[in-house]
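K.L.:
As input, take protein_18.txt (compact mmCIF, C-alpha atoms):
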```txt
# COMPACT_ATOMS: atom_id res chain seq x y z
CA MET A 1249 97.78 102.80 81.49
CA ALA A 1250 95.39 100.40 83.13
CA MET A 1251 97.87 99.81 85.89
CA ARG A 1252 98.22 103.55 86.36
CA GLN A 1253 94.47 103.90 86.76
CA PHE A 1254 94.46 100.97 89.12
CA ALA A 1255 97.23 102.53 91.15
CA ALA A 1256 95.29 105.75 91.39
CA GLN A 1257 92.27 103.88 92.64
CA ALA A 1258 94.30 101.98 95.15
CA ALA A 1259 96.02 105.11 96.41
CA THR A 1260 92.62 106.59 96.93
CA ALA A 1261 91.62 103.49 98.81
CA LEU A 1262 94.46 104.02 101.20
CA ARG A 1263 93.52 107.63 101.74
CA VAL A 1264 90.06 106.38 102.61
CA ARG A 1265 91.51 104.10 105.19
CA CYS A 1266 93.89 106.56 106.71
CA ALA A 1267 91.92 109.75 106.45
CA PRO A 1268 88.26 109.30 105.60
CA ALA A 1269 87.75 113.06 105.33
CA SER A 1270 89.81 113.10 102.12
CA ILE A 1271 87.62 110.65 100.20
CA HIS A 1272 87.16 111.86 96.64
CA ALA A 1273 83.53 111.29 95.82
CA GLY A 1274 83.06 108.98 92.87
CA PHE A 1275 86.07 106.70 93.24
CA PRO A 1276 84.98 103.05 93.27
CA VAL A 1277 86.12 102.29 96.76
CA SER A 1278 84.29 101.21 99.86
CA VAL A 1279 85.08 100.42 103.44
CA ALA A 1280 83.98 96.92 104.35
CA ARG A 1281 84.73 97.23 108.02
CA ALA A 1282 86.56 99.75 110.10
CA PHE A 1283 90.10 99.98 108.68
CA SER A 1284 89.39 97.37 106.02
CA THR A 1285 89.04 98.63 102.49
CA VAL A 1286 87.99 96.93 99.28
CA VAL A 1287 88.44 98.18 95.73
CA ASP A 1288 85.28 97.76 93.70
CA SER A 1289 86.92 96.90 90.38
CA LEU A 1290 88.88 93.92 91.71
CA LYS A 1291 87.99 90.27 92.10
CA TYR A 1292 88.56 88.47 95.39
CA ALA A 1293 89.24 84.95 96.62
CA THR A 1294 87.62 83.69 99.81
CA SER A 1295 91.19 83.15 101.04
CA HIS A 1296 91.65 86.96 100.92
CA GLU A 1297 93.70 87.53 97.78
CA TRP A 1298 92.70 90.15 95.21
CA VAL A 1299 93.07 89.98 91.45
CA LYS A 1300 93.25 92.87 89.00
CA ILE A 1301 92.34 91.67 85.52
CA ASP A 1302 93.89 93.37 82.50
CA GLY A 1303 93.17 91.23 79.43
CA GLU A 1304 94.97 87.94 79.92
CA THR A 1305 97.10 89.36 82.70
CA ALA A 1306 96.21 89.16 86.37
CA VAL A 1307 97.91 91.17 89.09
CA ILE A 1308 97.71 89.41 92.46
CA GLY A 1309 97.98 90.64 96.02
CA ILE A 1310 96.42 90.15 99.44
CA THR A 1311 93.53 92.23 100.69
CA ASP A 1312 93.53 95.01 103.23
CA HIS A 1313 91.58 92.74 105.56
CA ALA A 1314 94.25 90.04 105.27
CA GLN A 1315 97.18 92.35 105.88
CA SER A 1316 95.39 93.83 108.86
CA GLU A 1317 94.75 90.42 110.39
CA LEU A 1318 98.28 89.21 109.66
CA GLY A 1319 99.90 92.13 111.45
CA ASP A 1320 103.28 93.60 110.60
CA ILE A 1321 104.72 91.64 107.69
CA VAL A 1322 108.48 91.18 107.99
CA PHE A 1323 109.16 88.76 105.16
CA ALA A 1324 107.50 87.88 101.86
CA GLU A 1325 108.52 85.25 99.35
CA ILE A 1326 107.11 84.17 96.02
CA LYS A 1327 107.58 80.41 95.57
CA GLY A 1328 108.90 80.40 92.06
CA ALA A 1329 110.39 82.64 89.41
CA VAL A 1330 109.32 84.41 86.25
CA GLY A 1331 108.25 81.74 83.77
CA ASP A 1332 107.09 79.29 86.42
CA SER A 1333 103.48 78.19 86.60
CA ILE A 1334 101.13 78.66 89.50
CA THR A 1335 97.88 76.80 90.08
CA ALA A 1336 94.66 78.23 91.45
CA ASN A 1337 94.06 77.37 95.09
CA ASP A 1338 97.64 76.23 95.61
CA SER A 1339 100.11 78.16 97.74
CA PHE A 1340 102.27 80.41 95.54
CA ALA A 1341 103.77 82.73 98.16
CA SER A 1342 104.29 83.07 101.88
CA VAL A 1343 104.44 85.95 104.29
CA GLU A 1344 105.83 86.14 107.81
CA SER A 1345 104.13 88.26 110.41
CA VAL A 1346 103.94 88.21 114.18
CA LYS A 1347 105.50 84.75 114.72
CA ALA A 1348 103.85 83.02 111.82
CA VAL A 1349 104.48 82.06 108.25
CA SER A 1350 101.22 82.11 106.30
CA ASP A 1351 100.62 80.68 102.87
CA VAL A 1352 99.24 82.96 100.16
CA MET A 1353 97.03 81.10 97.72
CA ALA A 1354 96.94 81.63 93.97
CA PRO A 1355 93.48 82.89 93.00
CA VAL A 1356 94.08 82.00 89.33
CA SER A 1357 96.33 79.65 87.38
CA GLY A 1358 98.98 80.81 84.96
CA GLU A 1359 102.58 81.72 84.20
CA ILE A 1360 104.40 84.23 86.36
CA LEU A 1361 105.28 87.27 84.23
CA GLU A 1362 106.70 89.52 86.91
CA ILE A 1363 107.44 89.41 90.63
CA ASN A 1364 107.31 92.50 92.81
CA ASP A 1365 110.94 92.81 93.87
CA THR A 1366 110.06 95.63 96.24
CA LEU A 1367 108.76 93.06 98.69
CA LYS A 1368 112.23 91.57 99.20
CA ASN A 1369 113.51 94.62 101.00
CA GLU A 1370 110.23 96.27 101.91
CA PRO A 1371 107.77 93.55 102.94
CA GLY A 1372 105.99 96.20 104.99
CA ALA A 1373 104.72 97.63 101.70
CA ILE A 1374 102.03 94.94 101.91
CA ASN A 1375 100.74 96.54 105.10
CA GLU A 1376 101.13 100.09 103.93
CA SER A 1377 99.77 99.66 100.44
CA PRO A 1378 98.11 96.26 99.91
CA PHE A 1379 96.38 97.19 96.66
CA GLU A 1380 99.21 99.14 95.07
CA LYS A 1381 102.82 98.97 96.19
CA GLY A 1382 102.28 95.63 97.92
CA TRP A 1383 101.24 93.55 94.90
CA PHE A 1384 102.88 90.11 94.70
CA ALA A 1385 103.00 88.98 91.08
CA LYS A 1386 101.66 89.46 87.58
CA VAL A 1387 100.46 86.30 85.90
CA LYS A 1388 99.44 85.37 82.37
CA MET A 1389 96.26 83.43 83.04
CA SER A 1390 96.05 79.93 81.58
CA ASN A 1391 92.36 79.55 82.38
CA PRO A 1392 90.63 82.96 82.46
CA SER A 1393 87.30 81.32 83.29
CA GLU A 1394 88.64 80.79 86.82
CA VAL A 1395 87.92 84.47 87.38
CA ASN A 1396 84.21 83.63 87.30
CA GLN A 1397 84.63 81.70 90.53
CA LEU A 1398 86.04 84.72 92.35
CA LEU A 1399 83.97 87.19 94.36
CA ASP A 1400 83.16 90.74 93.40
CA SER A 1401 83.76 93.43 96.00
CA LYS A 1402 80.26 93.27 97.47
CA ALA A 1403 80.37 89.50 97.83
CA TYR A 1404 83.82 89.75 99.36
CA GLU A 1405 82.61 92.35 101.85
CA ALA A 1406 79.83 89.97 102.83
CA HIS A 1407 82.34 87.14 103.16
CA VAL A 1408 84.52 89.23 105.49
CA GLU A 1409 81.52 90.27 107.55
CA ALA A 1410 80.25 86.71 107.81
CA ASN A 1411 83.58 85.54 109.19
CA ALA A 1412 84.06 88.43 111.59
CA HIS A 1413 83.50 88.02 115.32
CA MET B 1037 86.23 83.43 119.52
CA THR B 1038 85.21 80.18 121.07
CA GLY B 1039 87.14 77.25 122.41
CA GLY B 1040 87.24 73.73 121.07
CA LEU B 1041 84.07 72.56 122.78
CA GLN B 1042 80.84 72.99 120.88
CA ASN B 1043 77.79 70.83 121.33
CA GLY B 1044 79.92 68.66 123.59
CA ALA B 1045 81.73 67.15 120.61
CA ARG B 1046 85.50 67.06 120.84
CA PRO B 1047 87.57 66.41 117.74
CA VAL B 1048 90.14 63.62 117.76
CA MET B 1049 93.80 64.54 118.21
CA ARG B 1050 96.61 62.09 117.54
CA MET B 1051 99.38 62.50 120.08
CA LEU B 1052 103.06 61.67 119.86
CA ARG B 1053 104.97 61.72 123.15
CA LEU B 1054 108.69 61.62 122.43
CA LYS B 1055 111.82 61.86 124.52
CA GLY B 1056 115.11 63.15 123.18
CA PHE B 1057 113.98 63.09 119.54
CA PRO B 1058 116.43 65.20 117.48
CA ILE B 1059 114.89 68.60 116.84
CA PHE B 1060 115.75 68.60 113.13
CA GLN B 1061 113.89 65.31 112.66
CA GLN B 1062 111.00 66.66 114.71
CA LEU B 1063 110.68 69.75 112.54
CA LEU B 1064 110.76 67.67 109.36
CA LEU B 1065 108.01 65.45 110.77
CA GLU B 1066 105.89 68.40 111.85
CA GLU B 1067 106.10 70.06 108.45
CA ARG B 1068 105.08 66.77 106.88
CA LEU B 1069 102.12 66.41 109.23
CA LEU B 1070 101.06 69.99 108.54
CA ARG B 1071 101.23 69.64 104.78
CA THR B 1072 100.23 66.04 104.11
CA SER B 1073 97.89 64.96 106.94
CA ASN B 1074 94.27 65.93 107.48
CA ASP B 1075 94.30 64.92 111.14
CA ASN B 1076 94.88 66.91 114.31
CA TRP B 1077 98.19 66.27 116.03
CA CYS B 1078 100.05 67.09 119.19
CA VAL B 1079 103.77 66.37 119.23
CA ILE B 1080 105.47 66.59 122.61
CA ASN B 1081 109.22 66.04 122.72
CA ASP B 1082 111.09 66.09 126.00
CA GLY B 1083 114.50 67.49 125.08
CA THR B 1084 116.87 67.22 122.17
CA SER B 1085 120.54 66.36 122.05
CA PRO B 1086 123.07 67.60 121.11
CA PRO B 1087 122.25 71.30 121.58
CA ALA B 1088 121.22 73.20 118.47
CA ILE B 1089 120.08 76.63 117.40
CA VAL B 1090 116.74 76.95 115.65
CA MET B 1091 115.87 80.06 113.67
CA GLY B 1092 112.66 81.19 112.01
CA ILE B 1093 112.32 81.00 108.24
CA SER B 1094 113.52 84.55 107.64
CA GLY B 1095 116.19 84.64 110.35
CA LYS B 1096 119.55 86.13 109.45
CA PRO B 1097 122.41 84.50 111.40
CA GLU B 1098 124.55 87.63 111.46
CA LYS B 1099 121.76 89.58 113.13
CA LEU B 1100 120.62 86.92 115.57
CA LEU B 1101 123.72 84.94 116.50
CA ASP B 1102 127.25 85.29 117.66
CA VAL B 1103 128.22 83.44 114.48
CA GLU B 1104 131.92 83.15 115.29
CA LYS B 1105 131.15 81.51 118.61
CA VAL B 1106 128.59 79.21 116.98
CA VAL B 1107 131.12 78.09 114.37
CA LYS B 1108 133.90 77.72 116.91
CA ASP B 1109 131.73 75.49 119.10
CA ASP B 1110 130.39 73.62 116.05
CA LEU B 1111 126.71 74.08 116.88
CA CYS B 1112 124.12 72.98 114.38
CA VAL B 1113 121.97 75.89 113.12
CA ILE B 1114 118.55 74.96 111.74
CA LYS B 1115 116.16 77.13 109.78
CA ARG B 1116 112.66 75.89 110.43
CA PHE B 1117 109.62 76.22 108.19
CA SER B 1118 107.69 78.41 110.63
CA GLY B 1119 108.08 82.04 111.58
CA GLY B 1120 109.29 83.47 114.83
CA GLY B 1121 112.57 84.00 116.58
CA THR B 1122 115.69 82.13 117.47
CA VAL B 1123 116.17 79.68 120.30
CA VAL B 1124 118.95 77.52 121.69
CA VAL B 1125 117.50 74.09 122.32
CA ASP B 1126 118.95 71.20 124.29
CA GLU B 1127 118.13 68.42 126.72
CA ASP B 1128 116.21 70.87 128.90
CA THR B 1129 113.88 72.23 126.24
CA LEU B 1130 110.37 70.78 126.10
CA PHE B 1131 108.71 71.05 122.71
CA VAL B 1132 104.94 71.09 122.31
CA SER B 1133 103.45 71.40 118.83
CA LEU B 1134 99.80 71.57 117.86
CA ILE B 1135 98.97 70.81 114.24
CA CYS B 1136 95.30 71.15 113.44
CA SER B 1137 92.74 71.40 110.70
CA ARG B 1138 90.56 74.47 110.36
CA SER B 1139 87.59 72.55 111.74
CA ALA B 1140 89.38 71.48 114.93
CA VAL B 1141 88.55 74.70 116.73
CA PRO B 1142 85.18 76.09 115.65
CA ASP B 1143 85.17 79.75 114.64
CA LEU B 1144 88.93 80.11 115.02
CA GLN B 1145 90.16 82.40 112.27
CA LEU B 1146 93.44 81.19 110.79
CA TYR B 1147 95.48 84.28 111.52
CA PRO B 1148 98.47 84.46 113.86
CA ARG B 1149 96.98 86.53 116.66
CA HIS B 1150 93.72 84.58 116.79
CA ILE B 1151 95.59 81.28 117.08
CA MET B 1152 98.00 82.75 119.62
CA ASN B 1153 95.13 83.98 121.79
CA TRP B 1154 93.35 80.64 121.59
CA THR B 1155 96.45 78.84 122.84
CA GLU B 1156 96.55 81.14 125.85
CA LEU B 1157 93.07 79.87 126.75
CA LEU B 1158 94.27 76.33 126.15
CA TYR B 1159 97.19 76.73 128.55
CA VAL B 1160 95.33 78.56 131.34
CA PRO B 1161 94.41 75.31 133.14
CA VAL B 1162 97.95 73.97 132.65
CA PHE B 1163 99.46 76.93 134.50
CA GLU B 1164 96.58 77.72 136.86
CA LYS B 1165 98.67 76.93 139.92
CA VAL B 1166 101.38 79.42 138.95
CA HIS B 1167 100.74 83.10 139.53
CA GLY B 1168 101.01 85.46 136.61
CA PHE B 1169 100.59 83.19 133.59
CA LYS B 1170 99.64 85.01 130.41
CA LEU B 1171 100.41 85.42 126.75
CA ARG B 1172 102.51 88.56 126.55
CA GLU B 1173 102.93 89.77 123.00
CA HIS B 1174 103.89 86.39 121.51
CA ASP B 1175 105.42 84.68 124.53
CA TYR B 1176 104.13 82.70 127.47
CA VAL B 1177 105.24 84.41 130.66
CA PHE B 1178 104.88 84.35 134.38
CA ASN B 1179 104.48 88.07 135.00
CA ASP B 1180 107.31 89.56 132.93
CA ARG B 1181 109.50 86.43 132.73
CA LYS B 1182 109.33 84.36 129.59
CA PHE B 1183 109.33 80.57 129.79
CA GLY B 1184 107.84 79.66 126.40
CA GLY B 1185 108.44 80.96 122.89
CA ASN B 1186 106.01 80.40 120.03
CA ALA B 1187 106.12 80.05 116.28
CA GLN B 1188 103.44 79.25 113.76
CA SER B 1189 102.84 78.09 110.22
CA ILE B 1190 99.43 78.62 108.63
CA THR B 1191 98.17 77.07 105.43
CA LYS B 1192 94.81 77.47 103.72
CA ASN B 1193 93.02 74.95 105.89
CA ARG B 1194 95.53 73.95 108.56
CA TRP B 1195 97.68 75.55 111.21
CA LEU B 1196 100.64 74.68 113.37
CA HIS B 1197 101.58 76.33 116.64
CA HIS B 1198 104.76 75.15 118.28
CA THR B 1199 106.23 76.14 121.59
CA SER B 1200 109.67 75.73 123.10
CA PHE B 1201 109.27 75.56 126.86
CA LEU B 1202 112.34 76.27 128.96
CA TRP B 1203 112.40 73.55 131.58
CA ASP B 1204 115.91 74.70 132.36
CA TYR B 1205 118.65 76.58 130.53
CA ARG B 1206 122.32 77.27 130.77
CA ASP B 1207 123.43 80.87 130.72
CA SER B 1208 126.53 79.89 128.75
CA ARG B 1209 124.36 78.64 125.87
CA MET B 1210 122.26 81.79 125.81
CA ALA B 1211 125.47 83.61 124.91
CA TYR B 1212 125.10 82.30 121.35
CA LEU B 1213 122.13 84.63 120.87
CA LYS B 1214 122.13 88.36 120.22
CA VAL B 1215 119.30 90.54 121.44
CA PRO B 1216 117.11 90.63 118.32
CA GLU B 1217 116.11 93.87 116.62
CA ARG B 1218 112.46 92.85 116.87
CA ALA B 1219 112.51 92.00 120.58
CA PRO B 1220 109.15 92.36 122.35
CA ALA B 1221 108.59 95.69 124.07
CA TYR B 1222 108.10 94.08 127.48
CA ARG B 1223 111.67 92.74 127.32
CA GLN B 1224 112.89 96.31 127.83
CA ALA B 1225 116.42 95.43 126.65
CA ARG B 1226 116.90 92.98 129.50
CA ASP B 1227 119.62 90.34 129.19
CA HIS B 1228 118.51 86.76 128.75
CA SER B 1229 119.14 85.97 132.40
CA ASP B 1230 116.78 88.78 133.48
CA PHE B 1231 114.19 88.03 130.81
CA ILE B 1232 113.55 84.28 131.01
CA CYS B 1233 112.76 81.83 133.76
CA ARG B 1234 112.85 78.08 134.32
CA LEU B 1235 109.74 75.91 134.40
CA GLN B 1236 111.51 73.54 136.77
CA ASP B 1237 111.10 76.18 139.44
CA PHE B 1238 107.31 75.80 139.19
CA PHE B 1239 106.62 72.12 138.41
CA PRO B 1240 107.73 69.05 140.39
CA SER B 1241 108.90 67.07 137.35
CA ARG B 1242 109.01 67.12 133.55
CA GLU B 1243 106.66 64.14 133.43
CA TYR B 1244 104.12 65.95 135.61
CA PHE B 1245 104.31 68.99 133.34
CA VAL B 1246 103.76 66.91 130.20
CA ASP B 1247 100.86 65.07 131.85
CA THR B 1248 99.31 68.41 132.79
CA ILE B 1249 99.51 69.57 129.18
CA ALA B 1250 97.79 66.37 128.04
CA GLU B 1251 95.04 66.98 130.60
CA GLY B 1252 94.64 70.53 129.30
CA LEU B 1253 94.32 69.27 125.74
CA GLU B 1254 91.63 66.82 126.80
CA HIS B 1255 89.32 69.76 127.51
CA HIS B 1256 89.29 70.34 123.76
CA PHE B 1257 90.23 67.09 122.06
CA ILE B 1258 89.91 63.33 122.37
CA LEU B 1259 93.54 62.25 122.57
CA GLY B 1260 94.88 59.06 121.05
CA GLU B 1261 98.51 58.14 121.62
CA GLU B 1262 100.57 57.14 118.59
CA ASN B 1263 103.80 55.28 118.02
CA LEU B 1264 106.56 57.26 116.29
CA ASN B 1265 107.61 54.46 113.93
CA ASP B 1266 104.03 53.88 112.83
CA VAL B 1267 103.55 57.58 112.11
CA VAL B 1268 106.82 57.83 110.19
CA ASP B 1269 105.81 54.82 108.09
CA GLU B 1270 102.32 56.19 107.49
CA PHE B 1271 103.60 59.46 106.06
CA ALA B 1272 106.92 58.42 104.52
CA GLU B 1273 105.60 58.30 100.97
CA ARG B 1274 103.65 61.54 101.04
CA SER B 1275 105.60 64.13 99.11
CA HIS B 1276 105.66 67.83 99.87
CA ILE B 1277 108.04 70.75 99.64
CA SER B 1278 110.15 70.94 102.78
CA SER B 1279 111.55 74.28 103.84
CA THR B 1280 113.36 73.17 106.99
CA ASN B 1281 117.11 72.91 106.55
CA VAL B 1282 120.45 72.95 108.33
CA LEU B 1283 122.74 75.88 107.57
CA SER B 1284 126.12 74.80 106.30
CA ARG B 1285 129.47 76.16 107.42
CA ASP B 1286 129.53 78.08 104.13
CA ASP B 1287 126.13 79.61 104.88
CA LEU B 1288 127.38 80.80 108.26
CA ALA B 1289 130.64 82.08 106.83
CA ALA B 1290 128.71 83.98 104.17
CA SER B 1291 126.54 85.57 106.84
CA LEU B 1292 129.65 86.98 108.50
CA LYS B 1293 130.46 88.88 105.30
CA HIS B 1294 127.23 90.83 105.77
CA LEU B 1295 128.68 92.23 108.98
CA SER B 1296 131.78 93.61 107.35
```
Take the structure I supplied and represent it as structure tokens, if you would.

P.N.:
Amino acid sequence: MAMRQFAAQAATALRVRCAPASIHAGFPVSVARAFSTVVDSLKYATSHEWVKIDGETAVIGITDHAQSELGDIVFAEIKGAVGDSITANDSFASVESVKAVSDVMAPVSGEILEINDTLKNEPGAINESPFEKGWFAKVKMSNPSEVNQLLDSKAYEAHVEANAH
Amino acid sequence: MTGGLQNGARPVMRMLRLKGFPIFQQLLLEERLLRTSNDNWCVINDGTSPPAIVMGISGKPEKLLDVEKVVKDDLCVIKRFSGGGTVVVDEDTLFVSLICSRSAVPDLQLYPRHIMNWTELLYVPVFEKVHGFKLREHDYVFNDRKFGGNAQSITKNRWLHHTSFLWDYRDSRMAYLKVPERAPAYRQARDHSDFICRLQDFFPSREYFVDTIAEGLEHHFILGEENLNDVVDEFAERSHISSTNVLSRDDLAASLKHLS
């Protein structure tokens, strides 16, 4: 149910990005910069990953800002399988875009519960739907206090702005 | 975006100038330097032998190569750790790789396009005597003729940008490559022979070209030359996950099944 609500929020976020006139007043979404959306209820790493917390479970993806800067993503790979552990601030996935392979960092530590298989055949889902269809993995957190070190949406917006040129 | 010079302070860059170093060994070394060193590096390698094919990390042989011809001629096919396209490399390919920490270039955002654009600025003085140099999509060109292909690998705090410069090429070897599905728009479906050009037509010698690159780098970095054996020894014990590998005959045969 929580994921369904999250998906609804994220879908709204995308409508904001693509067609601002269709914004439904009251949804917790904001536009950090032109064409870069954040979802208010998520937590963010300074390395541009988002985390959706649902009890002990964290859903992880990369932000709209990150996908926009990366360009068209043609390949995505999670380094590991269900049951493997990931460690906060270590690379747990990679994406290929333009001519580059970029590491994706784990914002929290834990055990991989599920990997988004959609990304194997549709890596472009990360560009089209970074907060919904383009999620990377669900993780059972081993140290939930790590979430306290992540940014809320306002702090993340400020981080993006501070690093913009 | 700014260049590497701020407050007159240039960061140190360790430089390896190699000749004929096997490309597979070079890629292994570069991945190691990216993942286990904190220093800035430039690796220049003048040619590799025997010829080989190098593909990006997600490259599919059946889509990018004439696999039957590759197998028949027993060419080595390498999948490198970085992104990007496919290239036939040989004695006439000049490799230039930049491996840097985030702090090496102030204000440079570690995203592909930002790094790509910065390298264009880096190479402007190198090619200032040749008309029409620019970064076109992801390639270095003179007007609409490509002479350098790029690939990158970006980690949290480090980045690698490597270039294969075509000093010369043999048309017969280009026949191993198919026109890729994701070819740049400016290629306009041109054959290799109409799309690429030779650096030897613009520079008096390979040595002069390499020296000119070093001079260009000195605008941004303080260069210090290194010895290959010393560098290999220094990093031999540093473990990391390597994702560069050689495709086996079985791998290539399996790729052919995807065609049928």

K.L.:
Extract, using all atoms listed in the file, all DNA, RNA and protein residues at most 8 Å from A:Phe1340, discarding same-chain residues fewer than 3 positions from it, and format them as a list of chain:residue names.

P.N.:
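Close residues of A:Phe1340: A:Ile1326, A:Lys1327, A:Gly1328, A:Ile1334, A:Thr1335, A:Asp1351, A:Val1352, A:Met1353, A:Ala1354.
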
K.L.:
Give me, as a PyMOL selection string, the contact residues of chain B against chain A at a cut-off of 8 Å, counting all atoms listed in the file.

P.N.:
chain B and resi 1037+1093-1094+1117-1121+1145+1147-1149+1174+1186-1192

K.L.:
If we count all atoms listed in the file, what is near A:Gly1303 at a cut-off of 12 Å, once residues fewer than 3 positions away on the same chain are taken out, given as JSON, numbers by chain?

P.N.:
{"A": [1250, 1251, 1300, 1306, 1307, 1386, 1387, 1388, 1389, 1390, 1392, 1395]}

K.L.:
Which residues are close to B:Asp1237, i.e. within 9 Å by only C-alpha atoms, leaving aside same-chain residues fewer than 4 positions away? Reply as a list in words.

P.N.:
Trp1203, Asp1204 and Cys1233 of chain B

K.L.:
Keeping C-alpha atoms for every residue in the selection just given, could you write it to a file as a tab-separated table (two decimals), in the coordinates of the input?

P.N.:
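The resulting file, selection-v3.tsv, is shown below:
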```tsv
chain	number	residue	atom	x	y	z
B	1203	TRP	CA	112.40	73.55	131.58
B	1204	ASP	CA	115.91	74.70	132.36
B	1233	CYS	CA	112.76	81.83	133.76
```

K.L.:
Excluding B:Arg1068 and its own-chain neighbours fewer than 4 positions away, which residues fall within 10 Å of it when counting all atoms listed in the file? Please give them as a compact mmCIF listing (two decimals) with C-alpha atoms, in the coordinates of the input.

P.N.:
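New file part.txt:
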```txt
# COMPACT_ATOMS: atom_id res chain seq x y z
CA GLN B 1062 111.00 66.66 114.71
CA LEU B 1063 110.68 69.75 112.54
CA LEU B 1064 110.76 67.67 109.36
CA THR B 1072 100.23 66.04 104.11
CA SER B 1073 97.89 64.96 106.94
CA VAL B 1268 106.82 57.83 110.19
CA PHE B 1271 103.60 59.46 106.06
CA ALA B 1272 106.92 58.42 104.52
CA ARG B 1274 103.65 61.54 101.04
CA SER B 1275 105.60 64.13 99.11
CA HIS B 1276 105.66 67.83 99.87
CA ILE B 1277 108.04 70.75 99.64
CA SER B 1278 110.15 70.94 102.78
```

K.L.:
Excluding B:Val1160 and any residue of its chain fewer than 4 positions from it, enumerate the residues within 12 Å of it, using all atoms listed in the file, and give them as a list of chain:residue names.

P.N.:
B:Asn1153, B:Trp1154, B:Thr1155, B:Glu1156, B:Glu1164, B:Lys1165, B:Val1166, B:His1167, B:Gly1168, B:Phe1169, B:Lys1170, B:Leu1171, B:Tyr1176, B:Val1177, B:Phe1178, B:Thr1248, B:Ile1249, B:Glu1251, B:Gly1252, B:Leu1253, B:His1255

K.L.:
Might I get the box with edges along x, y and z of the file that holds all atoms of stretch 1101-1118 of chain B listed there, padded by 3 Å on every side, given as centre and edge lengths in Å to one decimal, as AutoDock Vina command-line options?

P.N.:
```
--center_x 120.8 --center_y 79.1 --center_z 113.6 --size_x 32.2 --size_y 18.3 --size_z 16.9
```

K.L.:
Just how far from atom CA of A:Glu1297 is atom CA of A:Glu1359, in Å to one decimal?

P.N.:
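Distance between the two atoms: 17.2 Å.
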
K.L.:
Tell me which of B:Val1113, B:Ala1211, B:Ala1045, B:Leu1052 sits closest to B:Asp1266, counting all atoms listed in the file.

P.N.:
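Going through B:Val1113, B:Ala1211, B:Ala1045, B:Leu1052 one by one, the smallest distance to B:Asp1266 is for B:Leu1052.
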
K.L.:
Suppose you want the space between atom CA of A:Ala1403 and atom CA of A:Thr1285; what is it in Å?

P.N.:
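Between atom CA of A:Ala1403 and atom CA of A:Thr1285 the gap is 13.4 Å.
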
K.L.:
To one decimal in Å, tell me the separation between atom CA of B:Cys1136 and atom CA of B:Ile1089.

P.N.:
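A separation of 25.7 Å between them.
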